[in-house]
$ cat run17.txt   # compact mmCIF, C-alpha atoms
# COMPACT_ATOMS: atom_id res chain seq x y z
CA MET K 1 12.54 -12.31 37.87
CA THR K 2 11.48 -9.46 35.61
CA SER K 3 14.90 -7.90 35.95
CA ALA K 4 16.48 -11.22 34.98
CA ILE K 5 14.41 -11.29 31.83
CA LEU K 6 15.19 -7.70 31.05
CA ASN K 7 18.90 -8.25 31.68
CA SER K 8 18.96 -11.18 29.33
CA GLN K 9 17.75 -8.91 26.54
CA VAL K 10 21.21 -7.46 26.13
CA LEU K 11 22.46 -10.84 24.99
CA PRO K 12 22.44 -11.65 21.29
CA ALA K 13 19.49 -13.76 20.14
CA GLN K 14 21.55 -16.93 19.77
CA ALA K 15 23.19 -16.57 23.16
CA GLN K 16 19.99 -16.25 25.14
CA PRO K 17 19.33 -19.03 27.60
CA ALA K 18 16.52 -21.48 26.95
CA PRO K 19 13.41 -19.42 27.66
CA ALA K 20 10.99 -20.62 30.26
CA THR K 21 7.23 -20.37 30.53
CA SER K 22 7.72 -17.48 32.93
CA THR K 23 8.56 -15.23 29.98
CA LEU K 24 4.86 -15.34 29.11
CA GLU K 25 3.87 -13.60 32.31
CA SER K 26 3.75 -10.22 30.64
CA VAL K 27 2.75 -9.47 27.09
CA GLU K 28 4.91 -6.35 27.15
CA ILE K 29 8.04 -8.33 27.98
CA LEU K 30 7.15 -10.93 25.38
CA TYR K 31 6.69 -8.19 22.83
CA GLU K 32 9.83 -6.35 23.77
CA ARG K 33 11.87 -9.49 23.51
CA TYR K 34 10.56 -11.07 20.32
CA SER K 35 8.76 -8.40 18.31
CA GLN K 36 11.74 -7.50 16.13
CA ARG K 37 12.37 -11.11 15.21
CA ILE K 38 8.70 -11.75 14.44
CA PHE K 39 8.45 -8.51 12.47
CA ARG K 40 11.54 -9.48 10.46
CA PHE K 41 10.03 -12.84 9.61
CA LEU K 42 6.71 -11.26 8.65
CA LEU K 43 8.35 -8.50 6.64
CA THR K 44 10.51 -10.86 4.61
CA SER K 45 7.50 -13.16 4.12
CA THR K 46 4.94 -10.54 3.08
CA ARG K 47 7.32 -7.83 1.76
CA ASP K 48 4.97 -5.17 2.97
CA ARG K 49 5.80 -2.99 5.97
CA ASP K 50 2.25 -2.05 6.93
CA LEU K 51 1.01 -5.59 6.65
CA ALA K 52 3.99 -6.95 8.59
CA GLU K 53 3.38 -4.38 11.30
CA SER K 54 -0.28 -5.30 11.56
CA LEU K 55 0.41 -9.04 11.59
CA THR K 56 3.08 -8.54 14.27
CA GLN K 57 0.46 -6.96 16.52
CA ASP K 58 -1.96 -9.77 15.72
CA THR K 59 0.66 -12.40 16.49
CA PHE K 60 1.26 -11.13 20.01
CA ILE K 61 -2.41 -10.53 20.74
CA ARG K 62 -3.28 -14.04 19.56
CA ALA K 63 -0.35 -15.51 21.48
CA TRP K 64 -1.39 -13.72 24.64
CA ALA K 65 -4.98 -14.88 24.28
CA ALA K 66 -3.79 -18.47 23.86
CA ARG K 67 -0.94 -18.34 26.37
CA GLU K 68 -2.43 -21.14 28.45
CA GLN K 69 -1.83 -23.50 25.53
CA PHE K 70 1.90 -22.79 25.67
CA ARG K 71 3.45 -25.63 27.63
CA GLY K 72 7.08 -24.67 27.29
CA ASP K 73 8.00 -27.71 25.16
CA CYS K 74 9.41 -25.31 22.55
CA SER K 75 10.87 -21.85 22.86
CA PRO K 76 8.49 -18.87 22.88
CA SER K 77 10.22 -17.72 19.71
CA THR K 78 9.32 -20.96 17.91
CA TRP K 79 5.77 -20.77 19.24
CA LEU K 80 5.35 -17.14 18.17
CA THR K 81 6.82 -17.86 14.74
CA ARG K 82 4.31 -20.67 14.26
CA ILE K 83 1.46 -18.26 15.10
CA ALA K 84 2.92 -15.65 12.76
CA LEU K 85 3.23 -18.19 9.96
CA ASN K 86 -0.41 -19.23 10.39
CA LEU K 87 -1.45 -15.59 10.18
CA VAL K 88 0.57 -15.12 7.00
CA ARG K 89 -1.00 -18.22 5.48
CA ASP K 90 -4.51 -17.12 6.45
CA HIS K 91 -3.90 -13.68 5.06
CA THR K 92 -2.19 -14.56 1.80
CA ARG K 93 -4.96 -17.00 0.87
CA THR K 94 -7.51 -14.23 0.56
CA ASN K 95 -8.19 -12.36 -2.64
CA ARG K 96 -8.16 -9.16 -0.68
CA PHE K 97 -4.44 -9.70 0.02
CA ARG K 98 -3.72 -10.20 -3.68
CA PHE K 99 -5.55 -7.01 -4.53
CA TRP K 100 -3.88 -4.86 -1.90
CA LYS K 101 -0.50 -6.36 -2.68
CA SER K 102 -0.80 -5.07 -6.22
CA VAL K 103 -1.57 -1.53 -5.08
CA ALA K 104 0.38 -1.36 -1.82
CA ASN K 105 2.78 1.54 -1.60
CA THR K 106 4.53 0.15 1.45
CA ALA K 107 5.89 -2.82 -0.48
CA VAL K 108 9.66 -3.20 -0.25
CA ASP K 109 11.47 -3.58 -3.56
CA ALA K 110 14.91 -5.03 -4.24
CA THR K 111 16.69 -1.67 -4.46
CA GLU K 112 15.24 -0.45 -1.20
CA PHE K 113 16.04 -3.75 0.47
CA ALA K 114 19.65 -3.76 -0.74
CA GLY K 115 19.96 -0.21 0.55
CA PHE K 116 19.82 -1.59 4.08
CA LEU K 117 23.12 -3.34 3.58
CA PRO K 118 25.78 -1.44 5.53
CA ASP K 119 28.78 -0.28 3.55
CA PRO K 120 31.83 -1.85 5.14
CA ASN K 121 35.31 -0.57 4.48
CA THR K 122 35.55 -2.24 1.11
CA SER K 123 35.98 -0.95 -2.39
CA ALA K 124 33.10 0.65 -4.23
CA GLU K 125 33.10 -2.29 -6.62
CA SER K 126 32.79 -4.85 -3.81
CA SER K 127 29.99 -2.83 -2.26
CA LEU K 128 28.18 -2.66 -5.58
CA ILE K 129 28.51 -6.41 -6.09
CA ALA K 130 27.19 -7.06 -2.59
CA HIS K 131 24.18 -4.80 -3.23
CA GLU K 132 23.48 -6.55 -6.52
CA GLN K 133 23.68 -9.97 -4.92
CA VAL K 134 21.35 -9.04 -2.08
CA GLY K 135 18.89 -7.54 -4.54
CA LEU K 136 19.09 -10.73 -6.57
CA VAL K 137 18.35 -12.89 -3.54
CA TRP K 138 15.41 -10.63 -2.59
CA GLN K 139 13.97 -10.93 -6.09
CA THR K 140 14.52 -14.66 -6.30
CA VAL K 141 12.92 -15.32 -2.92
CA ALA K 142 9.78 -13.65 -4.27
CA THR K 143 9.57 -16.26 -7.02
CA LEU K 144 9.73 -19.23 -4.62
CA THR K 145 6.64 -21.11 -3.60
CA GLU K 146 5.14 -20.17 -0.26
CA ARG K 147 6.65 -23.22 1.46
CA GLN K 148 10.06 -22.82 -0.13
CA ARG K 149 10.12 -19.16 0.86
CA THR K 150 9.08 -19.87 4.44
CA VAL K 151 11.72 -22.56 4.89
CA PHE K 152 14.36 -20.38 3.24
CA ILE K 153 13.59 -17.39 5.46
CA LEU K 154 13.45 -19.47 8.62
CA ARG K 155 16.80 -21.04 7.82
CA PHE K 156 18.80 -18.16 6.35
CA VAL K 157 17.22 -15.12 8.00
CA GLU K 158 16.05 -16.49 11.32
CA GLU K 159 18.87 -19.06 11.40
CA LEU K 160 16.64 -21.73 12.87
CA SER K 161 17.63 -25.37 12.90
CA LEU K 162 15.95 -27.76 10.49
CA SER K 163 14.17 -29.45 13.39
CA ASP K 164 12.74 -26.12 14.57
CA ILE K 165 11.64 -25.34 11.02
CA ALA K 166 9.98 -28.74 10.78
CA GLU K 167 8.12 -28.02 14.01
CA ILE K 168 6.99 -24.55 12.96
CA THR K 169 5.87 -25.57 9.49
CA ALA K 170 4.48 -28.96 10.59
CA MET K 171 6.43 -30.65 7.81
CA PRO K 172 8.71 -33.70 8.02
CA MET K 173 12.41 -32.94 8.15
CA SER K 174 12.98 -34.47 4.70
CA THR K 175 10.34 -32.17 3.20
CA VAL K 176 11.91 -29.16 4.89
CA LYS K 177 15.27 -30.12 3.41
CA THR K 178 13.75 -30.56 -0.04
CA HIS K 179 12.14 -27.11 0.07
CA LEU K 180 15.36 -25.59 1.34
CA TYR K 181 17.43 -27.13 -1.43
CA ARG K 182 14.95 -26.07 -4.10
CA GLY K 183 15.12 -22.54 -2.78
CA LEU K 184 18.90 -22.64 -2.83
CA ALA K 185 18.86 -24.09 -6.33
CA ALA K 186 16.82 -21.10 -7.51
CA ILE K 187 19.23 -18.69 -5.82
CA ARG K 188 22.20 -20.48 -7.34
CA ALA K 189 20.65 -20.47 -10.81
CA GLN K 190 19.99 -16.72 -10.64
CA HIS K 191 23.55 -16.05 -9.50
CA LYS K 192 24.90 -18.09 -12.41
CA LEU K 193 22.63 -16.27 -14.83
CA ALA K 194 23.72 -12.88 -13.51
CA ALA K 195 27.39 -13.89 -13.75
CA ALA K 196 26.92 -15.11 -17.32
CA ARG K 197 25.16 -11.86 -18.23
CA LYS K 198 28.05 -9.88 -16.79
CA ASP K 199 30.62 -11.97 -18.70
CA SER K 200 28.81 -11.42 -21.96
CA LEU K 201 29.03 -7.64 -21.59
CA MET B 1 38.11 -38.48 -7.88
CA ASN B 2 34.97 -36.37 -7.86
CA ALA B 3 35.86 -33.15 -9.69
CA HIS B 4 33.47 -30.81 -7.92
CA LEU B 5 30.96 -30.74 -5.11
CA THR B 6 27.49 -31.86 -6.08
CA GLU B 7 24.61 -29.48 -5.59
CA SER B 8 23.44 -31.40 -2.52
CA GLN B 9 26.91 -31.26 -0.97
CA LEU B 10 27.15 -27.54 -1.64
CA PHE B 11 23.71 -26.90 -0.19
CA ALA B 12 24.44 -29.07 2.83
CA LEU B 13 27.48 -26.91 3.52
CA LEU B 14 25.49 -23.71 3.10
CA GLY B 15 22.68 -25.01 5.27
CA SER B 16 24.91 -26.24 8.07
CA PRO B 17 24.53 -24.35 11.36
CA GLY B 18 26.70 -21.30 11.78
CA THR B 19 27.75 -21.06 8.14
CA LEU B 20 26.45 -17.55 7.70
CA SER B 21 27.94 -16.35 10.95
CA GLN B 22 31.45 -17.30 9.89
CA SER B 23 33.76 -14.65 8.53
CA ALA B 24 34.67 -14.63 4.87
CA SER B 25 38.18 -15.81 5.64
CA SER B 26 37.11 -18.90 7.57
CA SER B 27 35.89 -22.09 5.98
CA PRO B 28 33.36 -24.64 7.26
CA ALA B 29 34.42 -27.78 9.01
CA GLY B 30 33.45 -31.30 7.95
CA SER B 31 34.44 -33.96 5.49
CA ASP B 32 32.69 -32.40 2.49
CA ALA B 33 34.16 -29.04 3.35
CA ALA B 34 37.70 -30.32 2.86
CA HIS B 35 37.11 -30.19 -0.88
CA LEU B 36 36.66 -26.42 -0.73
CA ALA B 37 40.25 -25.90 0.35
CA ASN B 38 41.56 -27.61 -2.78
CA CYS B 39 39.02 -26.56 -5.39
CA ALA B 40 39.09 -22.90 -6.36
CA LEU B 41 35.90 -23.17 -8.42
CA CYS B 42 33.79 -24.74 -5.67
CA SER B 43 35.32 -22.45 -3.09
CA ALA B 44 34.51 -19.36 -5.16
CA GLU B 45 30.91 -20.41 -5.71
CA PHE B 46 30.47 -21.33 -2.06
CA THR B 47 31.85 -17.95 -0.98
CA VAL B 48 29.59 -16.02 -3.35
CA LEU B 49 26.47 -17.86 -2.18
CA ARG B 50 27.41 -17.67 1.49
CA ASP B 51 28.13 -13.95 1.30
CA SER B 52 24.89 -13.31 -0.58
CA LEU B 53 22.86 -15.17 2.02
CA SER B 54 24.74 -13.55 4.88
CA ASN B 55 24.21 -10.07 3.44
CA PHE B 56 20.56 -10.89 2.83
CA ARG B 57 20.16 -11.61 6.52
CA VAL B 58 21.98 -8.42 7.51
CA ALA B 59 19.79 -6.30 5.22
CA ALA B 60 16.62 -7.98 6.54
CA THR B 61 17.73 -7.35 10.12
CA ASN B 62 18.57 -3.70 9.46
CA LEU B 63 15.30 -3.11 7.64
CA SER B 64 13.22 -4.69 10.37
CA ALA B 65 15.14 -2.86 13.10
CA LEU B 66 14.10 0.41 11.52
CA TYR B 67 10.43 -0.36 11.17
CA THR B 68 9.59 -2.68 14.07
CA PRO B 69 6.65 -1.19 15.97
CA THR B 70 7.98 0.02 19.29
CA ARG B 71 5.14 -1.39 21.37
CA LEU B 72 1.81 -3.11 21.15
CA LEU B 73 -0.80 -0.59 20.00
CA ASP B 74 -2.93 -1.17 23.07
CA PRO B 75 -1.56 -3.67 25.57
CA ALA B 76 -4.81 -3.50 27.53
CA THR B 77 -6.56 -5.16 24.63
CA ALA B 78 -4.02 -7.98 24.45
CA ARG B 79 -6.79 -10.04 25.97
CA PRO B 80 -9.61 -10.25 23.48
CA ARG B 81 -12.44 -7.89 24.38
CA PHE B 82 -14.82 -10.80 24.69
CA PHE B 83 -13.06 -11.96 27.82
CA THR B 84 -12.57 -8.52 29.37
CA VAL B 85 -16.29 -7.65 29.54
CA PRO B 86 -17.77 -8.61 32.93
CA ARG B 87 -20.51 -11.24 33.00
CA ALA B 88 -23.02 -8.74 34.44
CA ALA B 89 -22.51 -6.53 31.40
CA TRP B 90 -23.09 -9.48 29.09
CA ALA B 91 -26.32 -10.36 30.94
CA THR B 92 -27.57 -6.76 30.77
CA GLY B 93 -26.73 -6.60 27.10
CA LEU B 94 -28.53 -9.85 26.42
CA VAL B 95 -31.70 -8.69 28.20
CA ALA B 96 -31.61 -5.38 26.31
CA ALA B 97 -31.16 -7.20 22.99
CA MET B 98 -34.11 -9.48 23.72
CA ALA B 99 -36.31 -6.51 24.66
CA LEU B 100 -35.32 -4.75 21.45
CA CYS B 101 -36.11 -7.83 19.39
CA THR B 102 -39.54 -8.16 21.00
CA ALA B 103 -40.34 -4.49 20.39
CA SER B 104 -39.19 -4.75 16.77
CA ILE B 105 -41.36 -7.79 16.15
CA ASN B 106 -44.39 -5.97 17.59
CA LEU B 107 -43.74 -2.92 15.43
CA LEU B 108 -43.16 -4.88 12.26
CA HIS B 109 -46.02 -7.28 12.77
CA LYS B 110 -48.98 -6.22 10.62
CA PRO B 111 -52.44 -7.49 11.55
CA VAL B 112 -54.09 -9.73 8.98
CA VAL B 113 -56.63 -7.74 6.99
CA HIS B 114 -59.60 -9.76 5.80
CA PRO B 115 -60.69 -8.60 2.33
CA THR B 116 -64.03 -6.81 2.29
CA PRO B 117 -66.35 -7.09 -0.74
CA ALA B 118 -65.41 -3.54 -1.78
CA THR B 119 -61.73 -4.38 -1.73
CA GLN B 120 -62.35 -7.52 -3.74
CA ALA B 121 -64.17 -5.49 -6.42
CA GLU B 122 -61.32 -2.98 -6.63
CA THR B 123 -58.83 -5.77 -7.03
CA ALA B 124 -60.89 -7.37 -9.80
CA THR B 125 -61.08 -4.05 -11.66
CA ALA B 126 -57.36 -3.53 -11.36
CA LEU B 127 -56.71 -7.01 -12.69
CA GLU B 128 -58.97 -6.41 -15.67
CA SER B 129 -57.24 -3.14 -16.58
CA ASP B 130 -53.84 -4.81 -16.23
CA ASP B 131 -54.96 -7.60 -18.53
CA ALA B 132 -56.20 -5.08 -21.08
CA LEU B 133 -52.91 -3.21 -21.01
CA LEU B 134 -50.87 -6.38 -21.46
CA GLU B 135 -53.16 -7.46 -24.30
CA GLY B 136 -52.56 -4.13 -26.05
CA ILE B 137 -48.78 -4.50 -25.72
CA ASN B 138 -48.96 -8.03 -27.09
CA SER B 139 -50.94 -6.96 -30.14
CA ASP B 140 -48.53 -4.07 -30.77
CA LEU B 141 -45.59 -6.41 -30.68
CA SER B 142 -47.24 -8.97 -32.95
CA THR B 143 -47.76 -6.46 -35.78
CA SER B 144 -44.73 -5.77 -38.05
CA VAL B 145 -44.87 -2.02 -37.43
CA ALA B 146 -46.26 -0.67 -34.22
CA PRO B 147 -49.33 1.55 -34.67
CA SER B 148 -47.50 4.44 -33.06
CA LEU B 149 -44.71 4.17 -35.69
CA GLN B 150 -46.93 3.66 -38.76
CA PRO B 151 -46.92 7.39 -39.77
CA LEU B 152 -43.11 7.20 -39.99
CA ASP B 153 -43.19 3.93 -41.89
CA VAL B 154 -45.23 5.19 -44.90
CA PRO B 155 -42.80 7.87 -46.27
CA ALA B 156 -39.84 5.57 -45.75
CA THR B 157 -41.51 2.93 -47.89
CA THR B 158 -42.34 5.51 -50.57
CA GLU B 159 -38.78 6.77 -50.69
CA THR B 160 -37.41 3.28 -50.99
CA THR B 161 -39.82 2.51 -53.82
CA SER B 162 -38.92 5.68 -55.73
CA ALA B 163 -35.24 5.01 -55.24
CA THR B 164 -35.68 1.53 -56.71
CA ARG B 165 -37.52 2.95 -59.72
CA ASN B 166 -34.75 5.51 -60.44
CA LYS B 167 -32.17 2.74 -60.75
$ encode --input "run17.txt" --output "structure tokens"
Amino acid sequence: MTSAILNSQVLPAQAQPAPATSTLESVEILYERYSQRIFRFLLTSTRDRDLAESLTQDTFIRAWAAREQFRGDCSPSTWLTRIALNLVRDHTRTNRFRFWKSVANTAVDATEFAGFLPDPNTSAESSLIAHEQVGLVWQTVATLTERQRTVFILRFVEELSLSDIAEITAMPMSTVKTHLYRGLAAIRAQHKLAAARKDSL
Amino acid sequence: MNAHLTESQLFALLGSPGTLSQSASSSPAGSDAAHLANCALCSAEFTVLRDSLSNFRVAATNLSALYTPTRLLDPATARPRFFTVPRAAWATGLVAAMALCTASINLLHKPVVHPTPATQAETATALESDDALLEGINSDLSTSVAPSLQPLDVPATTETTSATRNK
């Protein structure tokens, strides 16, 4: 069974079969399989590498401690993301987080983030535009409310369905859609502004 | 005819499953999406937003792939320590804690000392001297210039008077 789980890891995230409760039999396998996804969600949510790393550890430890509550009615990924989101919410509510966020040197800025965009075989101009756009999205996401940002990340980074997002965030589907559209409206507005600024030059 | 896609229609297309996974050359399926094929403006805006969001995901994935912790720091502690400690250890710890508490109480407990007549006299004397000291401070404060500062006050007054006369 372990080998079956390990073999399935070579499949892309979307192509993996519906996970079963048996995947919770080992915390190492759980971690190996989902840690990158959880870390990605936490990193884009908190924008701090150290904090995301620490919360990733906490997510799996908390999940493992509460594994008996997992009944398999959602995927382990959804369950883990819900735990991770609760940890982010708990953490970002504290004043300590606000203080350390202002002095953190492991915070990821827009330039650094855009630097992780691979350079395909396109012109230098296209590559520059792509970097600018990604930087713009990164900056705009920071200005969203906590709920808008969470829904946006879950939809456009984690590529979760609206129903999964509704389950993770414990919000009705209509509210999820509203937050998503507001987030997109902010992204669209910033793109228009940037285009207008470019035209005026 | 509706000239362009509304914001909701545009966002519905962007939010539809698989949109970001599609290549730049392909276009989404659906009734609203048919407009994109005929409207250069809407198509251009859709492409810009879709590519931005798609690249955002790629950058986030690459960044996280680089920094994801390779393993749990200590898998043995995945179970909270509370549950890993045997019951016997908890019992021993509890007994030790109770013994420590009892010893501390005995050490900290001071026997009640009944005041002897001599002690009472000393206390009365101390109270009297305290009262006298406080009385002295009160009288000093009530006067305009404190007795200790009066020698300094006299020349200052003289100088001020002479300065007024010279005017």
$ interface_residues --input "run17.txt" --of "chain K" --to "chain B" --cutoff "9 Å" --atoms "all atoms listed in the file" --output "ChimeraX atom specification"
/K:27-28,31-32,35-37,39-41,43-44,49,52-53,56-57,60-65,113-118,130-131,133-138,153,155-162,180-181,184-185,187-188,191
$ residues_around --input "run17.txt" --residues "Val176 (chain K)" --least-positions-apart "3" --cutoff "8 Å" --atoms "all atoms listed in the file" --output "number ranges by chain"
K: 151, 162, 165-166, 171-173, 179-180
$ atom_distance --input "run17.txt" --atom1 "CA of Tyr34 (chain K)" --atom2 "CA of Asn86 (chain K)"
16.9 Å
$ residues_around --input "run17.txt" --residues "Trp79 (chain K)" --least-positions-apart "5" --cutoff "9 Å" --atoms "all atoms listed in the file" --output "list in words"
Ala63, Phe70, Cys74, Ala84 and Ile168 of chain K
$ axis_aligned_box --input "run17.txt" --around "region 131-150 of chain K" --padding-each-side "5 Å" --output "lines of an AutoDock Vina configuration file"
center_x = 14.7
center_y = -14.0
center_z = -1.3
size_x = 29.0
size_y = 28.4
size_z = 21.5
$ atom_distance --input "run17.txt" --atom1 "CA of Ser75 (chain K)" --atom2 "CA of Arg33 (chain K)"
12.4 Å
$ closest_residue --input "run17.txt" --among "K:Thr175, K:Ser77, K:Gln190, K:Thr111" --to "Leu30 (chain K)" --atoms "all atoms listed in the file"
K:Ser77
$ residues_around --input "run17.txt" --residues "Arg89 (chain K)" --least-positions-apart "3" --cutoff "12 Å" --atoms "all atoms listed in the file" --output "list in words"
Leu42, Ser45, Thr46, Leu55, Arg82, Ile83, Ala84, Leu85, Asn86, Thr92, Arg93, Thr94, Phe97, Glu146, Arg147, Thr150 and Thr169 of chain K
